[in-house]
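To start, the structure under review is shown below, and the notes come after it.
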Amino acid sequence: MCTTDDTSTPKKKAVILLLDMDGVLADVSMSYRAAIIKTAHFFGGMNINSEMVSTRKAAGGCNNDWVLTRDLLSEEAGIQKTLEEVTEKFEEYYQVLSEDEGLIPDAAFLAELSGRCRSADGGGTAIVTGRPRKDCEKFLERNGLSGLFDACICMEDGPPKPDPFPIVAALEALGAAGRRDRAVMVGDTPDDIRAAVAAGVRAVGVFTPDDHKIGKKLLADAMLECGAEEVMDPGFDKLSEIF
(Lines give C-alpha, C1' and ligand atoms only; values in the text may rest on other atoms or scores of the structure.)
Protein backbone atom coordinates (compact mmCIF):
# COMPACT_ATOMS: atom_id res chain seq x y z
CA MET A 1 0.00 0.00 0.00
CA CYS A 2 1.13 3.56 -0.77
CA THR A 3 -0.23 6.78 0.71
CA THR A 4 0.12 10.49 0.30
CA ASP A 5 1.47 12.64 3.13
CA ASP A 6 -1.74 14.16 4.53
CA THR A 7 -1.74 15.93 7.85
CA SER A 8 -5.13 17.59 7.38
CA THR A 9 -8.14 17.10 9.66
CA PRO A 10 -9.35 13.45 9.63
CA LYS A 11 -12.11 12.92 7.08
CA LYS A 12 -15.62 11.76 7.94
CA LYS A 13 -16.48 8.13 7.30
CA ALA A 14 -17.48 7.60 3.69
CA VAL A 15 -20.99 6.36 2.97
CA ILE A 16 -21.02 6.31 -0.85
CA LEU A 17 -18.92 3.63 -2.55
CA LEU A 18 -18.14 3.96 -6.26
CA LEU A 19 -16.23 1.05 -7.78
CA ASP A 20 -14.58 0.64 -11.14
CA MET A 21 -14.97 -2.89 -12.47
CA ASP A 22 -11.97 -4.01 -14.53
CA GLY A 23 -8.93 -4.60 -12.35
CA VAL A 24 -10.87 -3.62 -9.22
CA LEU A 25 -13.69 -6.16 -9.07
CA ALA A 26 -12.87 -8.29 -12.10
CA ASP A 27 -9.51 -9.88 -12.83
CA VAL A 28 -9.27 -9.11 -16.54
CA SER A 29 -5.72 -10.32 -17.15
CA MET A 30 -7.11 -13.37 -18.96
CA SER A 31 -10.04 -11.61 -20.63
CA TYR A 32 -9.92 -7.96 -21.69
CA ARG A 33 -6.14 -7.72 -21.59
CA ALA A 34 -5.71 -11.07 -23.29
CA ALA A 35 -8.22 -9.99 -25.96
CA ILE A 36 -6.07 -6.91 -26.68
CA ILE A 37 -3.03 -9.10 -27.29
CA LYS A 38 -4.91 -11.71 -29.34
CA THR A 39 -6.55 -9.07 -31.50
CA ALA A 40 -3.26 -7.27 -32.09
CA HIS A 41 -1.56 -10.54 -33.02
CA PHE A 42 -4.41 -11.48 -35.38
CA PHE A 43 -3.79 -8.30 -37.36
CA GLY A 44 -0.02 -8.88 -37.42
CA GLY A 45 1.15 -6.90 -34.41
CA MET A 46 3.17 -9.78 -33.01
CA ASN A 47 5.44 -7.44 -31.01
CA ILE A 48 2.57 -6.17 -28.86
CA ASN A 49 2.65 -7.68 -25.37
CA SER A 50 1.07 -7.40 -21.93
CA GLU A 51 3.80 -5.09 -20.65
CA MET A 52 2.95 -2.55 -23.35
CA VAL A 53 -0.70 -2.73 -22.38
CA SER A 54 0.05 -2.27 -18.68
CA THR A 55 2.35 0.67 -19.37
CA ARG A 56 -0.31 2.38 -21.49
CA LYS A 57 -2.93 1.80 -18.80
CA ALA A 58 -0.64 3.29 -16.15
CA ALA A 59 -0.10 6.39 -18.29
CA GLY A 60 -3.83 7.02 -18.57
CA GLY A 61 -6.08 7.93 -21.46
CA CYS A 62 -6.73 4.28 -22.32
CA ASN A 63 -10.17 3.57 -20.90
CA ASN A 64 -11.51 2.01 -24.10
CA ASP A 65 -9.77 -1.27 -24.94
CA TRP A 66 -11.00 -1.25 -28.54
CA VAL A 67 -9.35 2.13 -29.09
CA LEU A 68 -6.24 1.06 -27.19
CA THR A 69 -5.86 -2.02 -29.41
CA ARG A 70 -6.20 0.05 -32.57
CA ASP A 71 -3.67 2.59 -31.28
CA LEU A 72 -1.17 -0.09 -30.28
CA LEU A 73 -1.38 -1.58 -33.75
CA SER A 74 -0.80 1.81 -35.32
CA GLU A 75 1.85 3.21 -33.01
CA GLU A 76 3.77 0.09 -32.00
CA ALA A 77 3.43 -2.08 -35.10
CA GLY A 78 2.74 0.39 -37.92
CA ILE A 79 -0.48 -1.41 -38.83
CA GLN A 80 -3.53 0.67 -39.72
CA LYS A 81 -6.95 -0.82 -38.97
CA THR A 82 -10.31 0.83 -38.51
CA LEU A 83 -11.93 0.87 -35.10
CA GLU A 84 -14.78 -1.21 -36.53
CA GLU A 85 -12.39 -3.93 -37.71
CA VAL A 86 -10.60 -4.02 -34.37
CA THR A 87 -13.80 -3.99 -32.33
CA GLU A 88 -15.34 -6.89 -34.25
CA LYS A 89 -12.31 -9.13 -33.79
CA PHE A 90 -11.78 -8.02 -30.17
CA GLU A 91 -15.36 -8.90 -29.22
CA GLU A 92 -15.03 -12.27 -30.93
CA TYR A 93 -12.14 -13.11 -28.58
CA TYR A 94 -13.46 -11.35 -25.47
CA GLN A 95 -16.87 -13.01 -25.34
CA VAL A 96 -15.10 -16.38 -25.04
CA LEU A 97 -12.32 -15.21 -22.72
CA SER A 98 -14.74 -13.44 -20.37
CA GLU A 99 -15.72 -16.81 -18.93
CA ASP A 100 -12.29 -16.83 -17.24
CA GLU A 101 -12.81 -13.55 -15.37
CA GLY A 102 -12.49 -14.01 -11.62
CA LEU A 103 -13.68 -11.86 -8.73
CA ILE A 104 -10.76 -10.11 -7.03
CA PRO A 105 -12.17 -9.01 -3.64
CA ASP A 106 -13.91 -11.35 -1.24
CA ALA A 107 -17.65 -11.45 -1.96
CA ALA A 108 -18.52 -11.38 1.74
CA PHE A 109 -16.38 -8.27 2.21
CA LEU A 110 -18.18 -6.57 -0.68
CA ALA A 111 -21.51 -7.44 0.88
CA GLU A 112 -20.35 -5.97 4.20
CA LEU A 113 -19.24 -2.72 2.55
CA SER A 114 -22.50 -2.49 0.64
CA GLY A 115 -24.46 -3.02 3.84
CA ARG A 116 -22.55 -0.31 5.67
CA CYS A 117 -23.22 2.20 2.88
CA ARG A 118 -26.89 1.36 2.48
CA SER A 119 -27.57 1.51 6.20
CA ALA A 120 -25.99 4.98 6.47
CA ASP A 121 -28.05 8.12 5.99
CA GLY A 122 -27.67 9.19 2.36
CA GLY A 123 -25.40 6.26 1.53
CA GLY A 124 -25.30 3.97 -1.48
CA THR A 125 -23.18 1.97 -3.88
CA ALA A 126 -22.54 2.13 -7.62
CA ILE A 127 -20.41 0.63 -10.36
CA VAL A 128 -18.63 3.21 -12.53
CA THR A 129 -17.11 1.39 -15.50
CA GLY A 130 -16.11 1.82 -19.12
CA ARG A 131 -17.56 -1.61 -19.94
CA PRO A 132 -20.57 -2.03 -22.19
CA ARG A 133 -23.63 -2.52 -19.96
CA LYS A 134 -24.22 -6.08 -21.09
CA ASP A 135 -20.70 -7.10 -20.04
CA CYS A 136 -21.02 -5.29 -16.71
CA GLU A 137 -24.33 -6.97 -15.89
CA LYS A 138 -23.02 -10.35 -17.02
CA PHE A 139 -20.10 -10.19 -14.58
CA LEU A 140 -22.24 -9.03 -11.67
CA GLU A 141 -24.85 -11.72 -12.27
CA ARG A 142 -22.29 -14.51 -12.68
CA ASN A 143 -20.69 -13.59 -9.36
CA GLY A 144 -23.91 -13.01 -7.44
CA LEU A 145 -23.21 -9.29 -6.96
CA SER A 146 -26.14 -7.64 -8.74
CA GLY A 147 -28.01 -7.02 -5.51
CA LEU A 148 -25.10 -5.16 -3.91
CA PHE A 149 -25.18 -2.09 -6.15
CA ASP A 150 -27.82 0.61 -6.47
CA ALA A 151 -26.65 1.90 -9.86
CA CYS A 152 -24.32 1.06 -12.75
CA ILE A 153 -22.85 3.71 -15.01
CA CYS A 154 -21.45 2.11 -18.17
CA MET A 155 -19.94 2.90 -21.57
CA GLU A 156 -23.28 3.76 -23.19
CA ASP A 157 -24.17 6.41 -20.61
CA GLY A 158 -21.76 9.16 -21.70
CA PRO A 159 -18.13 10.28 -21.91
CA PRO A 160 -15.61 7.92 -20.30
CA LYS A 161 -13.17 8.59 -17.49
CA PRO A 162 -11.05 10.71 -17.04
CA ASP A 163 -14.07 12.90 -17.81
CA PRO A 164 -15.92 13.33 -14.50
CA PHE A 165 -19.25 12.54 -16.17
CA PRO A 166 -19.50 8.86 -15.10
CA ILE A 167 -18.90 9.72 -11.45
CA VAL A 168 -21.27 12.67 -11.47
CA ALA A 169 -23.88 10.46 -13.16
CA ALA A 170 -23.44 7.80 -10.47
CA LEU A 171 -23.91 10.34 -7.69
CA GLU A 172 -27.03 11.67 -9.38
CA ALA A 173 -28.39 8.14 -9.79
CA LEU A 174 -27.88 7.61 -6.06
CA GLY A 175 -29.48 10.95 -5.20
CA ALA A 176 -26.17 11.94 -3.62
CA ALA A 177 -24.96 14.83 -5.79
CA GLY A 178 -24.78 17.03 -2.70
CA ARG A 179 -22.74 14.56 -0.66
CA ARG A 180 -19.54 14.35 -2.67
CA ASP A 181 -17.41 14.75 0.44
CA ARG A 182 -18.77 11.41 1.69
CA ALA A 183 -18.11 9.54 -1.57
CA VAL A 184 -15.06 7.47 -2.51
CA MET A 185 -14.16 6.28 -6.00
CA VAL A 186 -11.95 3.18 -6.15
CA GLY A 187 -10.04 2.60 -9.38
CA ASP A 188 -6.92 0.98 -10.79
CA THR A 189 -5.75 3.61 -13.30
CA PRO A 190 -4.84 7.30 -13.36
CA ASP A 191 -7.99 7.91 -15.42
CA ASP A 192 -10.15 6.70 -12.52
CA ILE A 193 -8.34 9.01 -10.13
CA ARG A 194 -8.48 12.03 -12.44
CA ALA A 195 -12.21 11.54 -12.93
CA ALA A 196 -12.79 11.33 -9.17
CA VAL A 197 -10.79 14.46 -8.45
CA ALA A 198 -12.54 16.37 -11.24
CA ALA A 199 -15.92 15.27 -9.86
CA GLY A 200 -15.00 16.43 -6.36
CA VAL A 201 -14.99 13.03 -4.65
CA ARG A 202 -12.27 11.20 -2.73
CA ALA A 203 -10.11 8.84 -4.76
CA VAL A 204 -8.47 5.57 -3.74
CA GLY A 205 -6.25 3.57 -6.06
CA VAL A 206 -5.88 -0.19 -6.08
CA PHE A 207 -3.31 -2.48 -7.64
CA THR A 208 -4.51 -5.21 -9.97
CA PRO A 209 -3.21 -8.77 -9.55
CA ASP A 210 -1.23 -8.21 -12.76
CA ASP A 211 0.49 -4.95 -11.86
CA HIS A 212 3.79 -6.53 -10.85
CA LYS A 213 4.62 -6.74 -14.57
CA ILE A 214 5.28 -3.00 -14.75
CA GLY A 215 6.23 -2.57 -11.12
CA LYS A 216 3.95 -1.29 -8.41
CA LYS A 217 5.91 1.92 -7.91
CA LEU A 218 5.24 3.19 -11.44
CA LEU A 219 1.49 2.78 -11.11
CA ALA A 220 1.35 3.96 -7.50
CA ASP A 221 3.29 7.12 -8.31
CA ALA A 222 1.00 7.83 -11.26
CA MET A 223 -2.19 7.47 -9.22
CA LEU A 224 -0.86 9.40 -6.22
CA GLU A 225 0.25 12.23 -8.49
CA CYS A 226 -3.27 12.37 -9.92
CA GLY A 227 -4.75 12.79 -6.44
CA ALA A 228 -5.32 9.35 -4.92
CA GLU A 229 -5.32 9.36 -1.11
CA GLU A 230 -3.62 5.97 -1.14
CA VAL A 231 -3.11 2.91 -3.31
CA MET A 232 -4.23 -0.39 -1.84
CA ASP A 233 -3.37 -4.00 -2.59
CA PRO A 234 -5.75 -6.13 -4.69
CA GLY A 235 -9.02 -6.78 -2.88
CA PHE A 236 -8.86 -3.39 -1.10
CA ASP A 237 -9.43 -4.81 2.41
CA LYS A 238 -8.31 -1.49 3.90
CA LEU A 239 -11.48 0.18 2.64
CA SER A 240 -13.03 -1.01 5.90
CA GLU A 241 -11.08 1.79 7.59
CA ILE A 242 -12.69 4.42 5.35
CA PHE A 243 -16.30 3.23 5.48
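Note on naming: chains are A, B, ... as they come in the C-alpha coordinates, residues start from 1 per chain, ligands start from 1 in the order shown.
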Find the residues around Ile242 of chain A up to 8 Å (only C-alpha atoms counted), leave out those fewer than 4 positions away in its own chain, and share them as an mmCIF file with C-alpha atoms, in the first residue's frame.
```cif
data_model
loop_
_atom_site.group_PDB
_atom_site.id
_atom_site.type_symbol
_atom_site.label_atom_id
_atom_site.label_comp_id
_atom_site.auth_asym_id
_atom_site.auth_seq_id
_atom_site.Cartn_x
_atom_site.Cartn_y
_atom_site.Cartn_z
ATOM 1 C CA LYS A 13 -16.478 8.134 7.304
ATOM 2 C CA ALA A 14 -17.476 7.599 3.691
ATOM 3 C CA LYS A 238 -8.310 -1.492 3.901
#
```
**OP:** Would you kindly return, as number ranges by chain, each protein, DNA or RNA residue with an atom no farther than 12 Å from any atom of Arg118 of chain A, considering only C-alpha atoms and excluding same-chain residues fewer than 3 positions away?
**Re:** A: 14-17, 111-115, 121-126, 147-150, 174, 243
**OP:** Write out as a PyMOL selection string each polymer residue whose atoms come within 9 Å of Val186 of chain A, counting only C-alpha atoms; drop sequence neighbours fewer than 2 positions from it.
**Re:** chain A and resi 17-20+24+184+188+192-193+196+202-206+236
Report the closest atom pair, with its distance in Å rounded to one decimal, for each residue of segment 152-218 of chain A that has an atom no farther than 6 Å from segment 128-140 of chain A; count only C-alpha atoms, sort by chain and then rising residue number, and write it as a Markdown table.
```
| residue | atom | partner | partner_atom | distance |
| --- | --- | --- | --- | --- |
| A:Ile153 | CA | A:Val128 | CA | 4.9 |
| A:Cys154 | CA | A:Thr129 | CA | 5.1 |
| A:Met155 | CA | A:Gly130 | CA | 4.7 |
```
Subject >> Residues flagged strand (DSSP E or B) by DSSP in segment 2-242 of chain A, as an NGL selection string >> reply: :A and (2-3 or 16-19 or 22 or 26-27 or 102-103 or 124-128 or 151-153 or 183-187 or 202-206 or 230-232)
Original post:
Which is closer to Lys57 of chain A than all the others in A:Gly23, A:Gly200, A:Gly45, A:Gly227, using only C-alpha atoms?
Top reply: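 Distance minimum relative to Lys57 of chain A lands on A:Gly23.
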Subject >> A:Arg194, A:Asp157, A:Asp100, A:Ala108 ranked by distance to Gly144 of chain A, top pick (using only C-alpha atoms) >> reply: A:Ala108
Subject >> Top pick for closest residue to Ala220 of chain A, considering A:Asp71, A:Glu101, A:Asp233, A:Asp65 and counting only C-alpha atoms >> reply: A:Asp233
**OP:** Pull the alpha helix (DSSP H) assignments for segment 74-205 of chain A out of DSSP run on the backbone, and list those residues as a PyMOL selection string.
**Re:** chain A and resi 74-77+83-97+107-119+133-142+165-173+190-199
